[in-house]
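my_file_17.pdb (PDB, C-alpha atoms, pLDDT in the B column) appears below.
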```
MODEL        1
ATOM      1  CA  MET A1414      -2.605   6.752   4.988  1.00 62.00           C
ATOM      2  CA  HIS A1415      -0.678   5.772   8.054  1.00 62.00           C
ATOM      3  CA  VAL A1416       2.529   3.788   8.462  1.00 62.00           C
ATOM      4  CA  THR A1417       3.625   2.308  11.783  1.00 62.00           C
ATOM      5  CA  GLN A1418       7.131   1.135  12.666  1.00 61.00           C
ATOM      6  CA  ALA A1419       5.824  -2.437  12.504  1.00 62.00           C
ATOM      7  CA  ASP A1420       4.799  -1.775   8.890  1.00 66.00           C
ATOM      8  CA  VAL A1421       8.254  -0.438   8.049  1.00 63.00           C
ATOM      9  CA  ASP A1422       9.971  -3.413   9.657  1.00 69.00           C
ATOM     10  CA  VAL A1423       8.251  -5.801   7.228  1.00 69.00           C
ATOM     11  CA  LEU A1424       8.140  -3.528   4.163  1.00 72.00           C
ATOM     12  CA  VAL A1425      10.055  -5.058   1.298  1.00 86.00           C
ATOM     13  CA  PRO A1426      11.751  -2.619  -1.067  1.00 91.00           C
ATOM     14  CA  THR A1427       8.899  -1.005  -2.964  1.00 93.00           C
ATOM     15  CA  LEU A1428       8.831   1.226  -6.033  1.00 95.00           C
ATOM     16  CA  LEU A1429       5.662   3.109  -6.898  1.00 96.00           C
ATOM     17  CA  VAL A1430       5.339   4.252 -10.512  1.00 96.00           C
ATOM     18  CA  PHE A1431       2.502   6.790 -10.441  1.00 97.00           C
ATOM     19  CA  GLY A1432       1.174   8.016 -13.777  1.00 95.00           C
ATOM     20  CA  ALA A1433      -1.154  10.998 -14.057  1.00 95.00           C
ATOM     21  CA  ARG A1434      -2.150  13.610 -16.597  1.00 96.00           C
ATOM     22  CA  ILE A1435      -1.090  16.640 -14.546  1.00 97.00           C
ATOM     23  CA  GLU A1436       0.834  17.149 -11.318  1.00 96.00           C
ATOM     24  CA  GLY A1437      -2.361  18.012  -9.429  1.00 96.00           C
ATOM     25  CA  ASP A1438      -3.713  14.521 -10.171  1.00 96.00           C
ATOM     26  CA  LEU A1439      -0.988  12.841  -8.094  1.00 97.00           C
ATOM     27  CA  LEU A1440      -3.174  11.890  -5.143  1.00 96.00           C
ATOM     28  CA  CYS A1441      -1.532  11.806  -1.705  1.00 96.00           C
ATOM     29  CA  ARG A1442       1.767  12.980  -3.196  1.00 96.00           C
ATOM     30  CA  ASN A1443       2.743  14.805  -0.016  1.00 97.00           C
ATOM     31  CA  ILE A1444       2.405  11.574   1.972  1.00 95.00           C
ATOM     32  CA  LEU A1445       4.227   9.517  -0.656  1.00 96.00           C
ATOM     33  CA  ASP A1446       7.091  12.026  -0.765  1.00 96.00           C
ATOM     34  CA  GLU A1447       7.250  11.919   3.034  1.00 95.00           C
ATOM     35  CA  TRP A1448       7.636   8.126   2.889  1.00 92.00           C
ATOM     36  CA  VAL A1449      10.377   8.458   0.248  1.00 95.00           C
ATOM     37  CA  ALA A1450      12.276  10.812   2.551  1.00 96.00           C
ATOM     38  CA  LYS A1451      11.640   8.794   5.705  1.00 92.00           C
ATOM     39  CA  TYR A1452      12.272   5.291   4.280  1.00 91.00           C
ATOM     40  CA  PRO A1453      14.768   5.770   1.423  1.00 93.00           C
ATOM     41  CA  ASP A1454      15.965   2.148   1.468  1.00 91.00           C
ATOM     42  CA  ARG A1455      12.449   0.724   1.390  1.00 90.00           C
ATOM     43  CA  PHE A1456      10.188   3.085  -0.569  1.00 93.00           C
ATOM     44  CA  LYS A1457      10.730   4.959  -3.829  1.00 96.00           C
ATOM     45  CA  ALA A1458       8.229   6.849  -5.980  1.00 97.00           C
ATOM     46  CA  HIS A1459       8.571   7.743  -9.645  1.00 97.00           C
ATOM     47  CA  TYR A1460       5.977  10.084 -11.126  1.00 98.00           C
ATOM     48  CA  ILE A1461       5.146  10.346 -14.834  1.00 97.00           C
ATOM     49  CA  LEU A1462       2.886  13.012 -16.349  1.00 97.00           C
ATOM     50  CA  SER A1463       1.241  12.618 -19.757  1.00 95.00           C
ATOM     51  CA  ASP A1464       0.225  16.273 -20.151  1.00 95.00           C
ATOM     52  CA  ALA A1465       2.085  19.492 -19.404  1.00 89.00           C
ATOM     53  CA  ALA A1466       4.725  19.065 -16.714  1.00 94.00           C
ATOM     54  CA  PRO A1467       5.965  21.905 -14.528  1.00 94.00           C
ATOM     55  CA  GLU A1468       9.345  23.447 -15.233  1.00 94.00           C
ATOM     56  CA  GLY A1469      12.187  21.300 -13.927  1.00 95.00           C
ATOM     57  CA  TRP A1470      10.005  18.178 -13.728  1.00 96.00           C
ATOM     58  CA  GLU A1471      12.360  15.822 -15.565  1.00 94.00           C
ATOM     59  CA  GLU A1472      15.411  17.354 -13.907  1.00 94.00           C
ATOM     60  CA  SER A1473      13.869  16.331 -10.574  1.00 93.00           C
ATOM     61  CA  GLY A1474      14.112  12.693 -11.684  1.00 93.00           C
ATOM     62  CA  HIS A1475      10.543  12.194 -12.870  1.00 96.00           C
ATOM     63  CA  SER A1476       9.205  11.534 -16.376  1.00 96.00           C
ATOM     64  CA  THR A1477       6.808  12.792 -18.995  1.00 96.00           C
ATOM     65  CA  GLY A1478       4.942  10.669 -21.504  1.00 94.00           C
ATOM     66  CA  PHE A1479       3.195   7.386 -20.941  1.00 92.00           C
ATOM     67  CA  VAL A1480       3.717   4.259 -18.886  1.00 92.00           C
ATOM     68  CA  GLY A1481       5.472   1.729 -21.104  1.00 93.00           C
ATOM     69  CA  LYS A1482       8.549  -0.345 -21.833  1.00 95.00           C
ATOM     70  CA  LYS A1483      11.043   2.537 -21.984  1.00 95.00           C
ATOM     71  CA  LEU A1484       9.960   3.805 -18.568  1.00 96.00           C
ATOM     72  CA  PHE A1485      10.001   0.287 -17.119  1.00 97.00           C
ATOM     73  CA  GLU A1486      13.541  -0.285 -18.434  1.00 97.00           C
ATOM     74  CA  GLU A1487      14.666   2.920 -16.744  1.00 95.00           C
ATOM     75  CA  VAL A1488      13.021   2.665 -13.330  1.00 96.00           C
ATOM     76  CA  LEU A1489      11.719  -0.809 -12.412  1.00 96.00           C
ATOM     77  CA  TYR A1490      13.510  -3.438 -10.403  1.00 95.00           C
ATOM     78  CA  PRO A1491      14.867  -6.142 -12.728  1.00 96.00           C
ATOM     79  CA  ALA A1492      12.647  -9.180 -13.220  1.00 97.00           C
ATOM     80  CA  GLY A1493      13.095 -11.938 -10.681  1.00 96.00           C
ATOM     81  CA  ASP A1494      11.295 -14.666  -8.787  1.00 95.00           C
ATOM     82  CA  HIS A1495      10.558 -12.319  -5.894  1.00 93.00           C
ATOM     83  CA  VAL A1496       9.689  -9.205  -7.899  1.00 95.00           C
ATOM     84  CA  TYR A1497       5.952  -8.552  -7.998  1.00 95.00           C
ATOM     85  CA  ASN A1498       4.129  -5.980 -10.116  1.00 96.00           C
ATOM     86  CA  LEU A1499       0.868  -4.682  -8.634  1.00 95.00           C
ATOM     87  CA  MET A1500      -1.043  -2.385 -10.973  1.00 95.00           C
ATOM     88  CA  CYS A1501      -4.191  -0.356 -10.993  1.00 94.00           C
ATOM     89  CA  GLY A1502      -5.513   2.060 -13.559  1.00 92.00           C
ATOM     90  CA  PRO A1503      -7.620   2.221 -16.692  1.00 92.00           C
ATOM     91  CA  PRO A1504      -7.905  -1.172 -18.423  1.00 94.00           C
ATOM     92  CA  VAL A1505      -6.403   0.174 -21.663  1.00 91.00           C
ATOM     93  CA  MET A1506      -3.256   1.290 -19.799  1.00 91.00           C
ATOM     94  CA  LEU A1507      -2.903  -2.047 -18.038  1.00 94.00           C
ATOM     95  CA  GLU A1508      -3.635  -4.134 -21.155  1.00 94.00           C
ATOM     96  CA  ARG A1509      -1.525  -2.130 -23.620  1.00 92.00           C
ATOM     97  CA  GLY A1510       1.027  -0.189 -21.605  1.00 91.00           C
ATOM     98  CA  CYS A1511       1.822  -2.331 -18.597  1.00 96.00           C
ATOM     99  CA  THR A1512       1.300  -6.079 -18.871  1.00 97.00           C
ATOM    100  CA  PRO A1513       2.806  -6.709 -22.339  1.00 97.00           C
ATOM    101  CA  ASN A1514       5.806  -4.510 -21.566  1.00 97.00           C
ATOM    102  CA  LEU A1515       6.441  -6.202 -18.233  1.00 98.00           C
ATOM    103  CA  LYS A1516       6.339  -9.576 -19.999  1.00 98.00           C
ATOM    104  CA  ALA A1517       8.712  -8.263 -22.686  1.00 97.00           C
ATOM    105  CA  LEU A1518      11.151  -7.450 -19.880  1.00 98.00           C
ATOM    106  CA  ASP A1519      10.889 -11.033 -18.564  1.00 98.00           C
ATOM    107  CA  HIS A1520       8.610 -10.335 -15.613  1.00 98.00           C
ATOM    108  CA  LYS A1521       6.687 -13.524 -14.901  1.00 97.00           C
ATOM    109  CA  GLU A1522       2.981 -13.411 -15.674  1.00 95.00           C
ATOM    110  CA  SER A1523       2.375 -15.132 -12.319  1.00 97.00           C
ATOM    111  CA  ASN A1524       3.994 -12.115 -10.615  1.00 97.00           C
ATOM    112  CA  ILE A1525       1.845  -9.506 -12.411  1.00 96.00           C
ATOM    113  CA  PHE A1526      -1.391  -8.480 -10.715  1.00 96.00           C
ATOM    114  CA  SER A1527      -3.945  -5.839 -11.678  1.00 94.00           C
ATOM    115  CA  PHE A1528      -6.944  -4.581  -9.790  1.00 89.00           C
TER     116      PHE A1528
ENDMDL
END
```

Now that the file is in, can you turn its structure into C-alpha cells?
Amino acid sequence: MHVTQADVDVLVPTLLVFGARIEGDLLCRNILDEWVAKYPDRFKAHYILSDAAPEGWEESGHSTGFVGKKLFEEVLYPAGDHVYNLMCGPPVMLERGCTPNLKALDHKESNIFSF
C-alpha cells in the first residue's frame, strides 16, 4: 500500500474499524499505524479482537468483542449526509453486526456499502 501527497491532499477524514480474531490477523497493521501517525487529522484506525487480546490492549484504546452497536456508538463518526460506511467481511458480520446497527444509529442506507 502506498500513499502519495496527492492522495493525502484529497483524503477526507477516514476511520477504519478493523475486526479480527487475534492481533496477528490484523493485515498491514504496521502500514495502517504508520498512516495514523503520519496523518492524524485524516486517518484513524480502531482495532477490535474477538479472541484473546494481548495485555494492555484495551488500555491502548482498542477493543475486544465483536463489531456491533456499542462499538459503533463509541468510535464512529456521527451519522450525516456526508458520512459513508464502507464495509467488507463475512456476510454474517455485515448482515447482523454492521448494517442493522448502523441503521439503528441513523446512518442512511444509501450511505452504507458492502463488498

Using only C-alpha atoms, which of the listed residues (A:Val1480, A:Ala1433, A:Ala1450, A:Leu1489) sits closest to Ala1466 of chain A?
A:Ala1433

Contacts of Asp1454 of chain A within 10 Å, all atoms listed in the file, excl. fewer than 2 positions in-chain, as an MDAnalysis selection string:
chainID A and resid 1425:1427 1449:1452 1456:1457

If the PyMOL selection byres ((chain A and resi 1488) around 12) were run on this exact file, what residues would it hold? Put them as JSON, numbers by chain.
{"A": [1427, 1428, 1429, 1430, 1431, 1457, 1458, 1459, 1460, 1461, 1474, 1475, 1476, 1480, 1481, 1482, 1483, 1484, 1485, 1486, 1487, 1489, 1490, 1491, 1492]}

Near-Pro1503 of chain A list (12 Å; all atoms listed in the file; drop same-chain fewer than 3 positions) as number ranges by chain
A: 1432-1433, 1480, 1500, 1506-1511, 1527-1528

Top pick for closest residue to Ala1465 of chain A, considering A:Arg1442, A:Gly1478, A:Ile1435, A:Pro1453 and counting all atoms listed in the file:
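That would be A:Ile1435, the residue with the smallest distance to Ala1465 of chain A.
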
Pick from A:Leu1424, A:Leu1499, A:Glu1436, A:Ser1523: nearest to Trp1470 of chain A, with only C-alpha atoms counted?
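Once distances to Trp1470 of chain A are computed over only C-alpha atoms, the minimum belongs to A:Glu1436.
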
Apply the PyMOL selection byres ((chain A and resi 1525) around 9) to the file shown and report the selected residues as a list in words.
Tyr1497, Asn1498, Leu1499, Met1500, Thr1512, Leu1515, Lys1516, His1520, Lys1521, Glu1522, Ser1523, Asn1524, Phe1526 and Ser1527 of chain A

Which neighbours of Ser1463 of chain A fall inside 6 Å, counting only C-alpha atoms, when residues of the same chain fewer than 3 positions from it are skipped, and could you give them as a list in words?
Arg1434, Thr1477, Gly1478 and Phe1479 of chain A

Take atom CA of Arg1455 of chain A and atom CA of Val1496 of chain A and report the distance between them in Å, one decimal.
13.9 Å

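Distance-wise, atom CA of Asn1443 of chain A and atom CA of Glu1472 of chain A end up 19.0 Å apart.
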
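Between atom CA of Leu1462 of chain A and atom CA of Gly1437 of chain A the interatomic distance comes to 10.0 Å.
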
Restore N, CA and C atoms in segment 1430-1444 of chain A and list the result as a CSV table (one decimal), in the frame of the given file.
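Now in result.csv:
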```csv
chain,number,residue,atom,x,y,z
A,1430,VAL,N,5.4,3.5,-9.3
A,1430,VAL,CA,5.3,4.3,-10.5
A,1430,VAL,C,3.9,4.8,-10.6
A,1431,PHE,N,3.8,6.1,-10.5
A,1431,PHE,CA,2.5,6.8,-10.4
A,1431,PHE,C,2.3,7.7,-11.7
A,1432,GLY,N,1.5,7.3,-12.6
A,1432,GLY,CA,1.2,8.0,-13.8
A,1432,GLY,C,-0.1,8.9,-13.6
A,1433,ALA,N,0.0,10.1,-14.1
A,1433,ALA,CA,-1.2,11.0,-14.1
A,1433,ALA,C,-1.1,11.9,-15.3
A,1434,ARG,N,-2.2,12.6,-15.5
A,1434,ARG,CA,-2.2,13.6,-16.6
A,1434,ARG,C,-1.4,14.9,-16.2
A,1435,ILE,N,-1.7,15.4,-15.0
A,1435,ILE,CA,-1.1,16.6,-14.5
A,1435,ILE,C,-0.6,16.4,-13.1
A,1436,GLU,N,0.3,17.3,-12.7
A,1436,GLU,CA,0.8,17.1,-11.3
A,1436,GLU,C,-0.2,17.1,-10.2
A,1437,GLY,N,-1.3,17.9,-10.4
A,1437,GLY,CA,-2.4,18.0,-9.4
A,1437,GLY,C,-3.2,16.7,-9.3
A,1438,ASP,N,-3.0,15.8,-10.2
A,1438,ASP,CA,-3.7,14.5,-10.2
A,1438,ASP,C,-3.0,13.5,-9.4
A,1439,LEU,N,-1.8,13.8,-8.9
A,1439,LEU,CA,-1.0,12.8,-8.1
A,1439,LEU,C,-1.5,12.8,-6.7
A,1440,LEU,N,-2.5,12.0,-6.4
A,1440,LEU,CA,-3.2,11.9,-5.1
A,1440,LEU,C,-2.2,11.5,-4.0
A,1441,CYS,N,-2.3,12.1,-2.9
A,1441,CYS,CA,-1.5,11.8,-1.7
A,1441,CYS,C,0.0,12.0,-1.9
A,1442,ARG,N,0.3,12.8,-2.9
A,1442,ARG,CA,1.8,13.0,-3.2
A,1442,ARG,C,2.6,13.4,-2.0
A,1443,ASN,N,2.0,14.3,-1.2
A,1443,ASN,CA,2.7,14.8,0.0
A,1443,ASN,C,3.1,13.7,0.9
A,1444,ILE,N,2.2,12.7,1.1
A,1444,ILE,CA,2.4,11.6,2.0
A,1444,ILE,C,3.4,10.6,1.3
```
